[in-house]
Amino acid sequence: MAFNIMPVSAKNIIFYSLQLRARVLFCKLLQSFAKPVPMLPLCLLLIVDFSNHAWASSVDQSVAVFSTYPSEDLLEACIEQRETYNLEPDFVSDNTLCQEDAISPENFIKELSETGKFNNLLPYAEGNDYELLIANVGAAPNVHKQNAKQFAEFTLQWRGIEIDSSAFDSGIETSNSNVIEKQSTENVVRLLVSRWLEHVKHKQIFTSEFLFAALEASNYNLALKVPDAVGEFTKLDTQLYSDPFSGAITRYIHSNFEDALVDVTVYPFLAQLSSDESELLPQELESDFKKASATAELQHLILSQVSPASPYTVNDKLSGWRLGLSANSETSPTIFATTYVFRQQDKIVKVSTTFPPDFSDTIVNQLIVKVEVPQESEMMKKVRTLLLEGQR
């Protein structure tokens, strides 16, 4: 039983041009792309989940599934089987040999769901980051009895941008017996889906590392430099966010106090490199403060500014902005969060602590001078070009 993988690249396989969709999407970055989350690591905001994002037993991300048109490469591969397998003249019709959706798309969706690999598979659902487009061509039912293969193409997009496409042929013979045909179809779909899942696992397609590389985002694993320790804090781990525009986060923990945390988040800012730091950095803190206020209100906490957002100087060569917050209620002790933002190249470096400015200033001053960020990525070069064109 033959079963082959056939690499292809999808070409205009959805109802409108991927290139046009990408351009429109990138030009609306400020509205449609998620801003980096505030990294005040307290219960009044968000505790970052330091878990392994590599492929394990299932895909945690929500994945929408759609049926789509086959690419030219997929159709050509299907048609070529006439000569490869010496199909007889009465089987020469391309329409019957390579019929679009020869297998119902519902069969693929059903099989994907039954694999148990997806925690949230969403057929035909709009508005999800990940979209899986499936095209299939093959012999029309009850027409080609022998040697006619089924072909399927799986194209994965992230916010409308293609990040992976691969195609497979089944190598399964079809039959015009109703019972055998049903079993054959099920086997074909099962084999095609399982082969794609093997490809996903091998390439670790649903990991942040794969996504960052596919979009040509910064390689934080190689280019981000942070110290292994600062004062009595030691580095726990550095992880990528699931969103390239949110960058990477490094957490530091204290040997004696488990609630004492320092987080360093590095991400690109969505503005031109010529942007004024005196406007850029306060905007980052203002966004954090608004989100902190909303969360504190939901948790019935009283939020106060211990140190309102203001310029902060580390030394004569390095400066940024700082915001100190506290939150309390009648039934809970006061909790603190201090956030510092700096600019390096085209990145924001955000340092957040779970203690007041009087205690965190010294730690931050020691830490920030040892942080080195990646250079501007190809992704952000394209984004800034499109943003600039959109302003004209």
# chains A, B, ... in the order shown; residues from 1 in each chain; ligands from 1

$ closest_atom_pairs --of "stretch 177-269 of chain A" --to "stretch 147-169 of chain A" --cutoff "9 Å" --atoms "only C-alpha atoms" --output "Markdown table"
| residue | atom | partner | partner_atom | distance |
| --- | --- | --- | --- | --- |
| A:Val188 | CA | A:Gln150 | CA | 7.4 |
| A:Val189 | CA | A:Ala152 | CA | 8.9 |
| A:Leu192 | CA | A:Phe168 | CA | 6.5 |
| A:Val193 | CA | A:Ala152 | CA | 8.8 |
| A:Arg195 | CA | A:Phe168 | CA | 7.6 |
| A:Trp196 | CA | A:Phe154 | CA | 7.4 |
| A:His199 | CA | A:Ser166 | CA | 8.4 |
| A:Ile205 | CA | A:Asp164 | CA | 7.9 |
| A:Phe210 | CA | A:Ile163 | CA | 8.7 |
| A:Leu211 | CA | A:Ile163 | CA | 7.1 |
| A:Ala214 | CA | A:Ile163 | CA | 5.5 |
| A:Leu215 | CA | A:Ile163 | CA | 7.1 |

$ residues_around --residues "A:Lys117" --least-positions-apart "6" --cutoff "12 Å" --atoms "only C-alpha atoms" --output "list in words"
Trp55, Ala56, Ser57, Ser58, Val59, Asp60, Gln61, Ser62, Val63, Glu111, Val193, Ser194, Trp196, Leu197, Glu198, Val200, Lys201 and Phe206 of chain A

$ write_last_selection --atoms "N, CA and C atoms" --output "PDB file, in the first residue's frame"
ATOM      1  N   TRP A  55       4.779  20.594  20.820  1.00  0.00           N
ATOM      2  CA  TRP A  55       3.757  19.601  20.523  1.00  0.00           C
ATOM      3  C   TRP A  55       3.810  18.485  21.543  1.00  0.00           C
ATOM      4  N   ALA A  56       2.687  18.253  22.157  1.00  0.00           N
ATOM      5  CA  ALA A  56       2.599  17.143  23.102  1.00  0.00           C
ATOM      6  C   ALA A  56       1.508  16.209  22.599  1.00  0.00           C
ATOM      7  N   SER A  57       0.480  15.953  23.404  1.00  0.00           N
ATOM      8  CA  SER A  57      -0.563  15.026  22.985  1.00  0.00           C
ATOM      9  C   SER A  57      -1.681  15.718  22.227  1.00  0.00           C
ATOM     10  N   SER A  58      -1.753  17.048  22.294  1.00  0.00           N
ATOM     11  CA  SER A  58      -2.843  17.746  21.626  1.00  0.00           C
ATOM     12  C   SER A  58      -2.443  19.174  21.321  1.00  0.00           C
ATOM     13  N   VAL A  59      -3.254  19.813  20.454  1.00  0.00           N
ATOM     14  CA  VAL A  59      -3.041  21.207  20.082  1.00  0.00           C
ATOM     15  C   VAL A  59      -3.949  22.065  20.943  1.00  0.00           C
ATOM     16  N   ASP A  60      -3.352  22.957  21.727  1.00  0.00           N
ATOM     17  CA  ASP A  60      -4.131  23.792  22.642  1.00  0.00           C
ATOM     18  C   ASP A  60      -4.805  24.964  21.939  1.00  0.00           C
ATOM     19  N   GLN A  61      -4.188  25.456  20.861  1.00  0.00           N
ATOM     20  CA  GLN A  61      -4.747  26.616  20.181  1.00  0.00           C
ATOM     21  C   GLN A  61      -6.073  26.258  19.498  1.00  0.00           C
ATOM     22  N   SER A  62      -6.959  27.235  19.432  1.00  0.00           N
ATOM     23  CA  SER A  62      -8.188  27.059  18.658  1.00  0.00           C
ATOM     24  C   SER A  62      -7.838  27.046  17.178  1.00  0.00           C
ATOM     25  N   VAL A  63      -8.382  26.085  16.448  1.00  0.00           N
ATOM     26  CA  VAL A  63      -8.086  25.945  15.023  1.00  0.00           C
ATOM     27  C   VAL A  63      -9.400  25.869  14.256  1.00  0.00           C
ATOM     28  N   GLU A 111     -12.799  13.285  10.857  1.00  0.00           N
ATOM     29  CA  GLU A 111     -11.596  12.532  11.216  1.00  0.00           C
ATOM     30  C   GLU A 111     -10.669  13.365  12.099  1.00  0.00           C
ATOM     31  N   VAL A 193      -5.153  12.294   6.866  1.00  0.00           N
ATOM     32  CA  VAL A 193      -5.110  13.111   8.082  1.00  0.00           C
ATOM     33  C   VAL A 193      -3.961  12.674   8.985  1.00  0.00           C
ATOM     34  N   SER A 194      -3.769  11.366   9.133  1.00  0.00           N
ATOM     35  CA  SER A 194      -2.690  10.890  10.004  1.00  0.00           C
ATOM     36  C   SER A 194      -1.332  11.287   9.457  1.00  0.00           C
ATOM     37  N   TRP A 196      -0.726  13.972   7.673  1.00  0.00           N
ATOM     38  CA  TRP A 196      -0.548  15.397   7.956  1.00  0.00           C
ATOM     39  C   TRP A 196      -0.186  15.619   9.422  1.00  0.00           C
ATOM     40  N   LEU A 197      -0.814  14.887  10.314  1.00  0.00           N
ATOM     41  CA  LEU A 197      -0.512  15.030  11.734  1.00  0.00           C
ATOM     42  C   LEU A 197       0.930  14.615  12.035  1.00  0.00           C
ATOM     43  N   GLU A 198       1.427  13.621  11.323  1.00  0.00           N
ATOM     44  CA  GLU A 198       2.838  13.246  11.474  1.00  0.00           C
ATOM     45  C   GLU A 198       3.728  14.399  11.033  1.00  0.00           C
ATOM     46  N   VAL A 200       2.884  17.586  11.062  1.00  0.00           N
ATOM     47  CA  VAL A 200       2.734  18.624  12.092  1.00  0.00           C
ATOM     48  C   VAL A 200       3.628  18.335  13.282  1.00  0.00           C
ATOM     49  N   LYS A 201       3.637  17.093  13.710  1.00  0.00           N
ATOM     50  CA  LYS A 201       4.452  16.721  14.872  1.00  0.00           C
ATOM     51  C   LYS A 201       5.940  16.833  14.568  1.00  0.00           C
ATOM     52  N   PHE A 206       2.672  23.757  15.516  1.00  0.00           N
ATOM     53  CA  PHE A 206       1.861  24.575  16.409  1.00  0.00           C
ATOM     54  C   PHE A 206       2.653  25.116  17.602  1.00  0.00           C
TER      55      PHE A 206
END

$ residues_around --residues "A:Pro311" --least-positions-apart "2" --cutoff "10 Å" --atoms "only C-alpha atoms" --output "ChimeraX atom specification"
/A:278,281-282,308-309,313,319-323,340-341

$ write_last_selection --atoms "C-alpha atoms" --output "PDB file, in the first residue's frame"
ATOM      1  CA  SER A 278       9.053  60.340  25.228  1.00  0.00           C
ATOM      2  CA  LEU A 281       7.277  54.608  26.479  1.00  0.00           C
ATOM      3  CA  PRO A 282       4.514  56.463  28.372  1.00  0.00           C
ATOM      4  CA  PRO A 308       2.823  57.618  38.830  1.00  0.00           C
ATOM      5  CA  ALA A 309       4.249  57.062  35.363  1.00  0.00           C
ATOM      6  CA  THR A 313      17.093  57.154  34.864  1.00  0.00           C
ATOM      7  CA  SER A 319      16.801  55.819  30.827  1.00  0.00           C
ATOM      8  CA  GLY A 320      13.188  54.786  30.559  1.00  0.00           C
ATOM      9  CA  TRP A 321       9.858  55.170  32.330  1.00  0.00           C
ATOM     10  CA  ARG A 322       8.490  53.686  35.558  1.00  0.00           C
ATOM     11  CA  LEU A 323       5.040  53.034  37.044  1.00  0.00           C
ATOM     12  CA  TYR A 340       9.753  49.770  33.978  1.00  0.00           C
ATOM     13  CA  VAL A 341       9.878  50.240  30.215  1.00  0.00           C
TER      14      VAL A 341
END

$ closest_residue --among "A:Val373, A:Leu74, A:Leu386, A:Ile134" --to "A:Ser218" --atoms "only C-alpha atoms"
A:Val373

$ select_by_dssp --residues "stretch 134-325 of chain A" --states "strand (DSSP E)" --output "ChimeraX atom specification"
/A:134-138,150-158,161-169,229-230,233-240,248-254,261-268,302-315,318-325

$ closest_residue --among "A:Lys370, A:Ile335, A:Ala140, A:Arg392" --to "A:Asp259" --atoms "only C-alpha atoms"
A:Ile335

$ residues_around --residues "stretch 266-277 of chain A" --least-positions-apart "3" --cutoff "9 Å" --atoms "only C-alpha atoms" --output "MDAnalysis selection string"
chainID A and resid 29:30 35:36 218 220 224 244:250 280:282 320 342:343 345:351 373 376:377 380 383:385 387:388

$ residues_around --residues "A:Ala337" --least-positions-apart "5" --cutoff "7 Å" --atoms "only C-alpha atoms" --output "PyMOL selection string"
chain A and resi 40+42+324-326+352-356

$ closest_residue --among "A:Leu240, A:Val314, A:Val306, A:Val364" --to "A:Val262" --atoms "only C-alpha atoms"
A:Val364

$ atom_distance --atom1 "atom CA of A:Val369" --atom2 "atom CA of A:Lys235"
15.7 Å
